[in-house]
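This is upload_15.cif (mmCIF, C-alpha atoms).
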data_entry
loop_
_atom_site.group_PDB
_atom_site.id
_atom_site.type_symbol
_atom_site.label_atom_id
_atom_site.label_comp_id
_atom_site.auth_asym_id
_atom_site.auth_seq_id
_atom_site.Cartn_x
_atom_site.Cartn_y
_atom_site.Cartn_z
ATOM 1 C CA THR R 22 10.044 -5.333 -3.221
ATOM 2 C CA ILE R 23 13.368 -4.473 -1.624
ATOM 3 C CA ALA R 24 13.661 -8.154 -0.744
ATOM 4 C CA ASP R 25 13.379 -8.970 -4.451
ATOM 5 C CA LEU R 26 16.414 -6.775 -5.150
ATOM 6 C CA THR R 27 18.528 -8.730 -2.663
ATOM 7 C CA LEU R 28 18.118 -11.881 -4.808
ATOM 8 C CA CYS R 29 17.048 -13.700 -1.642
ATOM 9 C CA ASN R 30 13.882 -15.690 -1.375
ATOM 10 C CA VAL R 31 11.512 -13.428 0.543
ATOM 11 C CA GLU R 32 10.994 -16.201 3.121
ATOM 12 C CA ASP R 33 14.721 -16.907 3.547
ATOM 13 C CA LEU R 34 15.415 -14.855 6.666
ATOM 14 C CA ALA R 35 19.014 -16.064 6.976
ATOM 15 C CA CYS R 36 19.793 -14.757 3.487
ATOM 16 C CA LEU R 37 18.032 -11.454 4.101
ATOM 17 C CA ARG R 38 19.907 -10.878 7.369
ATOM 18 C CA GLN R 39 23.243 -11.176 5.585
ATOM 19 C CA VAL R 40 22.522 -8.310 3.200
ATOM 20 C CA LYS R 41 24.708 -5.264 3.933
ATOM 21 C CA MET R 42 22.997 -2.173 5.281
ATOM 22 C CA ASP R 43 24.589 0.170 2.732
ATOM 23 C CA TYR R 44 23.136 -1.947 -0.082
ATOM 24 C CA LEU R 45 19.661 -1.783 1.448
ATOM 25 C CA LEU R 46 19.957 1.990 1.779
ATOM 26 C CA ARG R 47 20.819 2.276 -1.915
ATOM 27 C CA VAL R 48 18.032 0.093 -3.243
ATOM 28 C CA GLN R 49 15.282 1.426 -1.007
ATOM 29 C CA ILE R 50 15.222 4.746 -2.879
ATOM 30 C CA LEU R 51 13.783 2.987 -5.924
ATOM 31 C CA PRO R 52 10.013 3.393 -6.065
ATOM 32 C CA GLU R 53 8.484 0.162 -4.899
ATOM 33 C CA TYR R 54 6.120 -0.184 -7.792
ATOM 34 C CA LEU R 55 8.851 -0.083 -10.451
ATOM 35 C CA PHE R 56 9.622 -3.699 -9.621
ATOM 36 C CA HIS R 57 6.268 -4.730 -8.255
ATOM 37 C CA LEU R 58 3.672 -2.803 -10.237
ATOM 38 C CA THR R 59 1.045 -5.507 -10.060
ATOM 39 C CA THR R 60 0.396 -8.491 -7.851
ATOM 40 C CA LYS R 61 -2.056 -11.354 -8.149
ATOM 41 C CA ARG R 62 -3.731 -10.265 -4.935
ATOM 42 C CA GLU R 63 -3.868 -6.494 -5.187
ATOM 43 C CA GLY R 64 -3.826 -5.689 -8.897
ATOM 44 C CA ILE R 65 -2.372 -2.215 -9.356
ATOM 45 C CA ASN R 66 0.182 -1.802 -6.567
ATOM 46 C CA PHE R 67 1.178 1.858 -6.555
ATOM 47 C CA LEU R 68 0.607 2.329 -2.836
ATOM 48 C CA PRO R 69 4.086 1.674 -1.410
ATOM 49 C CA TRP R 70 2.930 2.193 2.180
ATOM 50 C CA LEU R 71 0.739 -0.916 2.167
ATOM 51 C CA PRO R 72 1.330 -2.825 5.432
ATOM 52 C CA THR R 73 3.542 -5.888 5.502
ATOM 53 C CA VAL R 74 1.668 -8.741 7.142
ATOM 54 C CA ASP R 75 4.300 -10.596 9.172
ATOM 55 C CA GLY R 76 1.983 -12.716 11.311
ATOM 56 C CA GLN R 77 3.201 -11.043 14.510
ATOM 57 C CA VAL R 78 3.167 -7.241 14.588
ATOM 58 C CA ILE R 79 0.521 -7.239 11.851
ATOM 59 C CA PRO R 80 -1.061 -10.689 12.091
ATOM 60 C CA LYS R 81 -3.394 -10.352 9.117
ATOM 61 C CA GLU R 82 -4.581 -7.941 6.441
ATOM 62 C CA PRO R 83 -6.110 -4.937 8.293
ATOM 63 C CA VAL R 84 -9.394 -5.132 6.397
ATOM 64 C CA GLU R 85 -9.681 -8.822 7.281
ATOM 65 C CA ALA R 86 -9.040 -7.985 10.938
ATOM 66 C CA PHE R 87 -11.828 -5.413 10.865
ATOM 67 C CA GLU R 88 -14.181 -7.900 9.204
ATOM 68 C CA ILE R 89 -13.869 -10.308 12.141
ATOM 69 C CA GLY R 90 -13.942 -7.562 14.770
ATOM 70 C CA GLN R 91 -10.266 -7.579 15.724
ATOM 71 C CA TYR R 92 -9.662 -3.868 16.186
ATOM 72 C CA GLN R 93 -9.600 -1.336 18.997
ATOM 73 C CA ARG R 94 -13.075 -0.048 19.842
ATOM 74 C CA ILE R 95 -12.659 3.727 19.954
ATOM 75 C CA PRO R 96 -14.565 6.578 18.268
ATOM 76 C CA VAL R 97 -13.077 7.274 14.845
ATOM 77 C CA ILE R 98 -13.101 9.990 12.202
ATOM 78 C CA ILE R 99 -12.309 8.457 8.818
ATOM 79 C CA GLY R 100 -12.410 9.929 5.336
ATOM 80 C CA ASN R 101 -10.627 10.912 2.178
ATOM 81 C CA VAL R 102 -10.409 13.640 -0.422
ATOM 82 C CA ARG R 103 -12.543 13.655 -3.535
ATOM 83 C CA ASN R 104 -9.777 12.951 -6.052
ATOM 84 C CA GLU R 105 -7.255 10.754 -4.248
ATOM 85 C CA THR R 106 -5.485 9.301 -7.285
ATOM 86 C CA ASP R 107 -5.398 12.349 -9.579
ATOM 87 C CA ALA R 108 -1.882 13.418 -8.563
ATOM 88 C CA TRP R 109 -0.409 9.974 -9.266
ATOM 89 C CA LEU R 110 -1.574 9.585 -12.850
ATOM 90 C CA PRO R 111 0.001 11.317 -15.867
ATOM 91 C CA ASP R 112 -1.599 14.589 -16.868
ATOM 92 C CA VAL R 113 -2.419 13.752 -20.467
ATOM 93 C CA GLU R 114 -4.097 15.860 -23.116
ATOM 94 C CA GLY R 115 -6.560 14.750 -25.751
ATOM 95 C CA PRO R 116 -8.914 11.803 -26.210
ATOM 96 C CA VAL R 117 -6.304 9.460 -27.687
ATOM 97 C CA LEU R 118 -3.872 9.548 -24.749
ATOM 98 C CA GLY R 119 -6.765 9.591 -22.301
ATOM 99 C CA GLY R 120 -8.159 6.468 -23.942
ATOM 100 C CA VAL R 121 -4.760 4.796 -23.754
ATOM 101 C CA MET R 122 -4.586 5.552 -20.014
ATOM 102 C CA LEU R 123 -8.049 4.103 -19.437
ATOM 103 C CA ARG R 124 -7.285 0.888 -21.338
ATOM 104 C CA ALA R 125 -3.844 0.505 -19.726
ATOM 105 C CA SER R 126 -5.187 0.973 -16.203
ATOM 106 C CA MET R 127 -7.937 -1.555 -16.885
ATOM 107 C CA ALA R 128 -5.407 -4.067 -18.227
ATOM 108 C CA LEU R 129 -3.177 -3.650 -15.175
ATOM 109 C CA GLN R 130 -6.056 -3.985 -12.756
ATOM 110 C CA PHE R 131 -8.093 -6.738 -14.352
ATOM 111 C CA GLY R 132 -5.596 -8.566 -16.547
ATOM 112 C CA ALA R 133 -7.283 -10.894 -18.994
ATOM 113 C CA ASN R 134 -10.720 -10.270 -17.508
ATOM 114 C CA PHE R 135 -11.801 -8.084 -20.422
ATOM 115 C CA SER R 136 -15.518 -8.531 -19.691
ATOM 116 C CA GLN R 137 -15.003 -6.920 -16.298
ATOM 117 C CA SER R 138 -13.155 -4.031 -17.928
ATOM 118 C CA ARG R 139 -16.158 -3.384 -20.156
ATOM 119 C CA VAL R 140 -18.507 -3.400 -17.165
ATOM 120 C CA VAL R 141 -16.308 -0.933 -15.285
ATOM 121 C CA SER R 142 -16.026 1.279 -18.355
ATOM 122 C CA SER R 143 -19.812 1.398 -18.669
ATOM 123 C CA MET R 144 -20.159 2.265 -14.962
ATOM 124 C CA TYR R 145 -17.928 5.336 -15.497
ATOM 125 C CA PRO R 146 -19.150 6.642 -18.865
ATOM 126 C CA LYS R 147 -17.519 9.371 -20.876
ATOM 127 C CA SER R 148 -20.794 11.320 -20.892
ATOM 128 C CA LYS R 149 -20.540 11.784 -17.119
ATOM 129 C CA TYR R 150 -16.819 11.759 -16.321
ATOM 130 C CA GLY R 151 -15.149 13.068 -19.472
ATOM 131 C CA ASN R 152 -12.039 11.705 -21.118
ATOM 132 C CA GLY R 153 -10.184 8.501 -20.292
ATOM 133 C CA GLN R 154 -7.871 10.266 -17.870
ATOM 134 C CA ARG R 155 -10.702 11.536 -15.696
ATOM 135 C CA ARG R 156 -12.574 8.250 -15.888
ATOM 136 C CA THR R 157 -9.444 6.446 -14.704
ATOM 137 C CA MET R 158 -8.993 8.901 -11.858
ATOM 138 C CA ARG R 159 -12.589 8.455 -10.743
ATOM 139 C CA TRP R 160 -12.802 4.660 -10.777
ATOM 140 C CA SER R 161 -9.388 4.257 -9.139
ATOM 141 C CA THR R 162 -10.279 6.714 -6.358
ATOM 142 C CA ASP R 163 -13.509 4.855 -5.701
ATOM 143 C CA LEU R 164 -11.914 1.413 -5.756
ATOM 144 C CA LEU R 165 -8.701 2.112 -3.858
ATOM 145 C CA PHE R 166 -9.879 4.736 -1.373
ATOM 146 C CA HIS R 167 -13.485 5.810 -1.003
ATOM 147 C CA CYS R 168 -15.036 2.345 -0.977
ATOM 148 C CA TYR R 169 -12.514 1.095 1.585
ATOM 149 C CA THR R 170 -13.455 4.021 3.814
ATOM 150 C CA THR R 171 -17.116 3.122 3.404
ATOM 151 C CA LYS R 172 -16.431 -0.528 4.145
ATOM 152 C CA ILE R 173 -14.591 0.238 7.395
ATOM 153 C CA ALA R 174 -17.348 2.663 8.456
ATOM 154 C CA ASP R 175 -19.974 -0.004 7.785
ATOM 155 C CA ILE R 176 -18.057 -2.558 9.858
ATOM 156 C CA MET R 177 -17.603 -0.171 12.786
ATOM 157 C CA THR R 178 -21.287 0.721 12.701
ATOM 158 C CA ARG R 179 -22.151 -2.973 12.642
ATOM 159 C CA ASP R 180 -20.118 -3.393 15.823
ATOM 160 C CA GLY R 181 -21.611 -0.373 17.564
ATOM 161 C CA ASN R 182 -18.391 1.626 17.327
ATOM 162 C CA PRO R 183 -18.909 5.417 16.846
ATOM 163 C CA VAL R 184 -17.604 6.556 13.465
ATOM 164 C CA PHE R 185 -17.753 9.842 11.555
ATOM 165 C CA THR R 186 -17.053 9.949 7.819
ATOM 166 C CA TYR R 187 -15.962 12.898 5.705
ATOM 167 C CA ASP R 188 -15.120 13.718 2.107
ATOM 168 C CA PHE R 189 -12.958 16.795 1.490
ATOM 169 C CA GLN R 190 -14.063 18.300 -1.829
ATOM 170 C CA HIS R 191 -12.708 21.835 -1.938
ATOM 171 C CA SER R 192 -10.176 22.364 -4.716
ATOM 172 C CA PRO R 193 -7.333 24.298 -3.047
ATOM 173 C CA SER R 194 -6.286 27.662 -4.423
ATOM 174 C CA ALA R 195 -2.906 28.018 -6.127
ATOM 175 C CA LYS R 196 -0.897 28.424 -2.891
ATOM 176 C CA ALA R 197 -2.992 26.311 -0.511
ATOM 177 C CA ASP R 198 -1.640 22.857 -1.414
ATOM 178 C CA PRO R 199 2.176 22.793 -1.663
ATOM 179 C CA ILE R 200 2.235 18.993 -1.923
ATOM 180 C CA ASN R 201 0.435 18.990 -5.268
ATOM 181 C CA SER R 202 1.340 22.477 -6.479
ATOM 182 C CA ASP R 203 2.884 21.179 -9.712
ATOM 183 C CA MET R 204 -0.290 19.350 -10.751
ATOM 184 C CA LYS R 205 -2.642 21.685 -12.566
ATOM 185 C CA LEU R 206 -5.702 19.560 -11.793
ATOM 186 C CA CYS R 207 -4.976 19.639 -8.070
ATOM 187 C CA VAL R 208 -4.739 23.344 -7.290
ATOM 188 C CA GLY R 209 -6.947 26.192 -8.406
ATOM 189 C CA GLY R 210 -8.933 23.800 -10.568
ATOM 190 C CA GLU R 211 -11.470 21.038 -10.410
ATOM 191 C CA ALA R 212 -9.924 18.525 -7.995
ATOM 192 C CA CYS R 213 -8.661 17.983 -4.486
ATOM 193 C CA CYS R 214 -5.828 15.474 -4.669
ATOM 194 C CA HIS R 215 -4.260 13.099 -2.170
ATOM 195 C CA ALA R 216 -3.209 14.931 1.030
ATOM 196 C CA GLY R 217 -4.723 18.156 -0.295
ATOM 197 C CA ASP R 218 -6.694 18.486 2.927
ATOM 198 C CA ASN R 219 -3.659 18.310 5.222
ATOM 199 C CA ALA R 220 -3.021 22.044 5.345
ATOM 200 C CA PHE R 221 -6.686 22.636 6.186
ATOM 201 C CA SER R 222 -6.841 19.972 8.892
ATOM 202 C CA PHE R 223 -3.919 21.565 10.763
ATOM 203 C CA ASN R 224 -4.258 25.201 9.617
ATOM 204 C CA THR R 225 -0.634 25.164 8.511
ATOM 205 C CA ALA R 226 -1.061 28.376 6.513
ATOM 206 C CA ASP R 227 -0.242 30.164 9.755
ATOM 207 C CA PHE R 228 3.321 28.864 9.930
ATOM 208 C CA VAL R 229 4.404 27.269 6.612
ATOM 209 C CA PRO R 230 6.304 29.742 4.395
ATOM 210 C CA GLY R 231 4.730 30.204 0.994
ATOM 211 C CA LEU R 232 1.409 28.612 1.962
ATOM 212 C CA HIS R 233 -1.546 30.984 1.754
ATOM 213 C CA PHE R 234 -5.289 30.559 2.173
ATOM 214 C CA THR R 235 -8.030 32.635 0.628
ATOM 215 C CA PRO R 236 -10.466 34.154 3.167
ATOM 216 C CA PHE R 237 -12.903 31.287 2.511
ATOM 217 C CA GLU R 238 -10.148 28.714 2.959
ATOM 218 C CA THR R 239 -9.197 30.288 6.282
ATOM 219 C CA SER R 240 -12.789 29.909 7.489
ATOM 220 C CA LEU R 241 -12.939 26.338 6.197
ATOM 221 C CA SER R 242 -9.705 25.397 7.930
ATOM 222 C CA ARG R 243 -10.754 26.936 11.238
ATOM 223 C CA GLU R 244 -14.029 25.008 11.221
ATOM 224 C CA ILE R 245 -12.251 21.722 10.487
ATOM 225 C CA VAL R 246 -9.578 22.319 13.139
ATOM 226 C CA SER R 247 -12.113 23.259 15.810
ATOM 227 C CA THR R 248 -14.248 20.205 14.990
ATOM 228 C CA TYR R 249 -11.342 17.784 15.131
ATOM 229 C CA ALA R 250 -10.000 19.413 18.294
ATOM 230 C CA GLU R 251 -13.362 18.958 19.998
ATOM 231 C CA PHE R 252 -13.327 15.306 18.950
ATOM 232 C CA ALA R 253 -9.791 14.818 20.301
ATOM 233 C CA ARG R 254 -10.723 16.541 23.581
ATOM 234 C CA ASP R 255 -13.486 14.077 24.400
ATOM 235 C CA PRO R 256 -14.380 11.646 21.600
ATOM 236 C CA LEU R 257 -17.046 9.863 23.637
ATOM 237 C CA ARG R 258 -18.871 13.107 24.459
ATOM 238 C CA PHE R 259 -18.449 14.210 20.833
ATOM 239 C CA SER R 260 -20.006 10.958 19.665
ATOM 240 C CA ARG R 261 -23.058 11.385 21.898
ATOM 241 C CA TYR R 262 -23.434 15.068 21.066
ATOM 242 C CA ASN R 263 -23.154 14.865 17.296
ATOM 243 C CA GLN R 264 -25.956 12.501 16.376
ATOM 244 C CA THR R 265 -27.976 12.642 13.165
ATOM 245 C CA ASP R 266 -30.262 15.299 14.659
ATOM 246 C CA GLY R 267 -27.571 17.045 16.662
ATOM 247 C CA PRO R 268 -25.644 20.288 16.143
ATOM 248 C CA GLY R 269 -22.228 20.689 14.610
ATOM 249 C CA PRO R 270 -20.909 19.945 11.117
ATOM 250 C CA MET R 271 -20.214 16.244 11.715
ATOM 251 C CA VAL R 272 -22.941 13.697 12.288
ATOM 252 C CA ALA R 273 -22.561 10.058 13.227
ATOM 253 C CA TYR R 274 -22.464 7.544 10.383
ATOM 254 C CA ASN R 275 -24.709 4.517 10.535
ATOM 255 C CA ASN R 276 -25.805 1.780 8.173
ATOM 256 C CA GLU R 277 -29.254 3.274 7.661
ATOM 257 C CA THR R 278 -28.710 6.990 7.021
ATOM 258 C CA ARG R 279 -25.069 6.567 5.887
ATOM 259 C CA LEU R 280 -24.455 10.275 6.413
ATOM 260 C CA TRP R 281 -21.175 11.857 5.315
ATOM 261 C CA THR R 282 -19.786 15.274 6.166
ATOM 262 C CA ILE R 283 -18.686 17.110 3.041
ATOM 263 C CA TRP R 284 -16.000 19.708 3.675
ATOM 264 C CA GLY R 285 -15.981 22.515 1.094
ATOM 265 C CA PRO R 286 -18.641 21.053 -1.220
ATOM 266 C CA ASP R 287 -19.008 22.143 -4.825
ATOM 267 C CA GLY R 288 -21.600 24.795 -5.530
ATOM 268 C CA ASP R 289 -22.285 28.226 -6.931
ATOM 269 C CA SER R 290 -21.316 29.868 -3.636
ATOM 270 C CA PRO R 291 -18.612 28.716 -1.203
ATOM 271 C CA THR R 292 -19.948 26.517 1.595
ATOM 272 C CA ILE R 293 -18.010 25.343 4.639
ATOM 273 C CA SER R 294 -19.764 22.008 5.046
ATOM 274 C CA THR R 295 -22.862 20.010 4.361
ATOM 275 C CA THR R 296 -24.034 16.441 4.806
ATOM 276 C CA THR R 297 -25.074 13.899 2.229
ATOM 277 C CA SER R 298 -26.415 10.381 2.459
ATOM 278 C CA ASP R 299 -24.818 7.288 0.933
ATOM 279 C CA LEU R 300 -21.975 9.155 -0.788
ATOM 280 C CA ARG R 301 -21.039 7.211 -3.941
ATOM 281 C CA GLY R 302 -22.760 4.226 -2.396
ATOM 282 C CA ALA R 303 -23.957 2.879 -5.745
ATOM 283 C CA TYR R 304 -20.363 2.700 -6.941
ATOM 284 C CA CYS R 305 -19.158 0.940 -3.817
ATOM 285 C CA ARG R 306 -21.956 -1.613 -4.085
ATOM 286 C CA PHE R 307 -20.974 -2.085 -7.713
ATOM 287 C CA TRP R 308 -17.370 -2.786 -6.757
ATOM 288 C CA ALA R 309 -18.378 -5.126 -3.951
ATOM 289 C CA ALA R 310 -20.623 -7.111 -6.298
ATOM 290 C CA GLU R 311 -18.621 -7.036 -9.523
ATOM 291 C CA ASN R 312 -15.029 -6.919 -8.431
ATOM 292 C CA THR R 313 -13.405 -10.324 -8.227
ATOM 293 C CA PRO R 314 -9.688 -10.958 -7.535
ATOM 294 C CA PRO R 315 -7.056 -9.635 -8.057
ATOM 295 C CA GLN R 316 -8.555 -6.695 -6.126
ATOM 296 C CA LYS R 317 -10.860 -7.746 -3.320
ATOM 297 C CA ILE R 318 -12.895 -5.215 -1.381
#
Will you turn the file into structure tokens for me?
Amino acid sequence: TIADLTLCNVEDLACLRQVKMDYLLRVQILPEYLFHLTTKREGINFLPWLPTVDGQVIPKEPVEAFEIGQYQRIPVIIGNVRNETDAWLPDVEGPVLGGVMLRASMALQFGANFSQSRVVSSMYPKSKYGNGQRRTMRWSTDLLFHCYTTKIADIMTRDGNPVFTYDFQHSPSAKADPINSDMKLCVGGEACCHAGDNAFSFNTADFVPGLHFTPFETSLSREIVSTYAEFARDPLRFSRYNQTDGPGPMVAYNNETRLWTIWGPDGDSPTISTTTSDLRGAYCRFWAAENTPPQKI
């Protein structure tokens, strides 16, 4: 996107190398998606950290590299939070604006493929997910985050590589998520938004001014930190120890049981962790079967 602002052809390296550094520093502050909101390949492009495939440092799309087994074989913990995209979408009120958001997001993602939009809309019905805003948040989190996590876990399991999956579901209290503190859905409410688990994974309430955990959140954070520390200490031993019938909060993922660790699951009483099988698997199979370009899973 920055290359577009230089008026150079993105493949014209000689032109790009002549651009002054001070100009690049000025234009890079513009959000990438303002000039490149959609692409033919990716659809909605509001993830400005997407890797640049240059054929050398990054020889191909990471997912494609995983598909053909070109990745480092090491034990991995991989996961996401329950509501990854909630903090990036406008907080709208009422059915009219929510409906506009749903239709606009569908148009951006699927373009003229209106039949696909109707199928997606029926997969995320109002009766289950609420207004258009929440339906948009749910399908975009599944498509852009959760189902990619599942896909990578499936590939690693196929290759015999130890992998542990998690979904962080606890909605942080008002002072437990400074990143999303201005989003009412993300703190003290019904959602855990992108990066909302960071403070818990590193127990940063102990040294970040203004960040405070409830007693339950302190216990949750300590359990997560101790689990991840044990993994970092000896991932191979951790992988052998934490099998589907083994102790500890995390169990190994495989293509049969498809077990996920749920940190801070919803419920009538606070729970540190639980496990569930095939988390949102029906939705990921839907996307894999129904979703044609521009967005390929």
The distance between atom CA of R:Gly90 and atom CA of R:Arg179 is 9.6 Å
Give me the result of the PyMOL selection byres ((chain R and resi 24) around 10) on this file, residue by residue, as a PyMOL selection string.
chain R and resi 22-23+25-33+36-37+40+45+48-49
Could you state the separation of atom CA of R:Met271 and atom CA of R:Val97 in Å, given to one decimal place?
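Straight-line distance from atom CA of R:Met271 to atom CA of R:Val97 works out to 11.9 Å.
Proximity ranking of R:Glu85, R:Asp299, R:Asp287, R:Asp175 relative to R:Gly210 places R:Asp287 first, based on all atoms listed in the file.
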Excluding R:Pro183 and residues on its chain fewer than 4 positions from it, collect all residues at most 12 Å away from it, counting all atoms listed in the file, and give them as a VMD selection string.
chain R and resid 93 to 99 173 to 179 252 256 to 264 272 to 276
Evaluate the PyMOL selection byres ((chain R and resi 160) around 12) and record the selected residues as a ChimeraX atom specification, following the chain and residue labels used in the document.
/R:103-107,123,126-127,130,138,140-146,150,153-159,161-168,301,304-305,307-308
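Those residues returned by the PyMOL selection byres ((chain R and resi 220) around 10) for this file are Pro193, Ala197, Asp198, Pro199, Ile200, Ala216, Gly217, Asp218, Asn219, Phe221, Ser222, Phe223, Asn224, Thr225, Ala226, Asp227, Val229, Leu232, His233, Phe234 and Ser242 of chain R.
Across the structure, atom CA of R:Pro286 and atom CA of R:Gln190 are spaced 5.4 Å apart.
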I need the residue nearest R:Leu206 from this list: R:Thr292, R:Glu82, R:Asn101, R:Ser192. Use all atoms listed in the file for the distance.
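Between R:Thr292, R:Glu82, R:Asn101, R:Ser192, the residue approaching R:Leu206 most closely is R:Ser192.
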With distances taken over only C-alpha atoms, which residue among R:Ile245, R:Met204, R:Leu34, R:Ile89 lies nearest R:Ile283?
R:Ile245
May I ask which of the residues R:Asp203, R:Asp75, R:Glu211, R:Glu88 is the closest one to R:Gly288, counting only C-alpha atoms?
R:Glu211
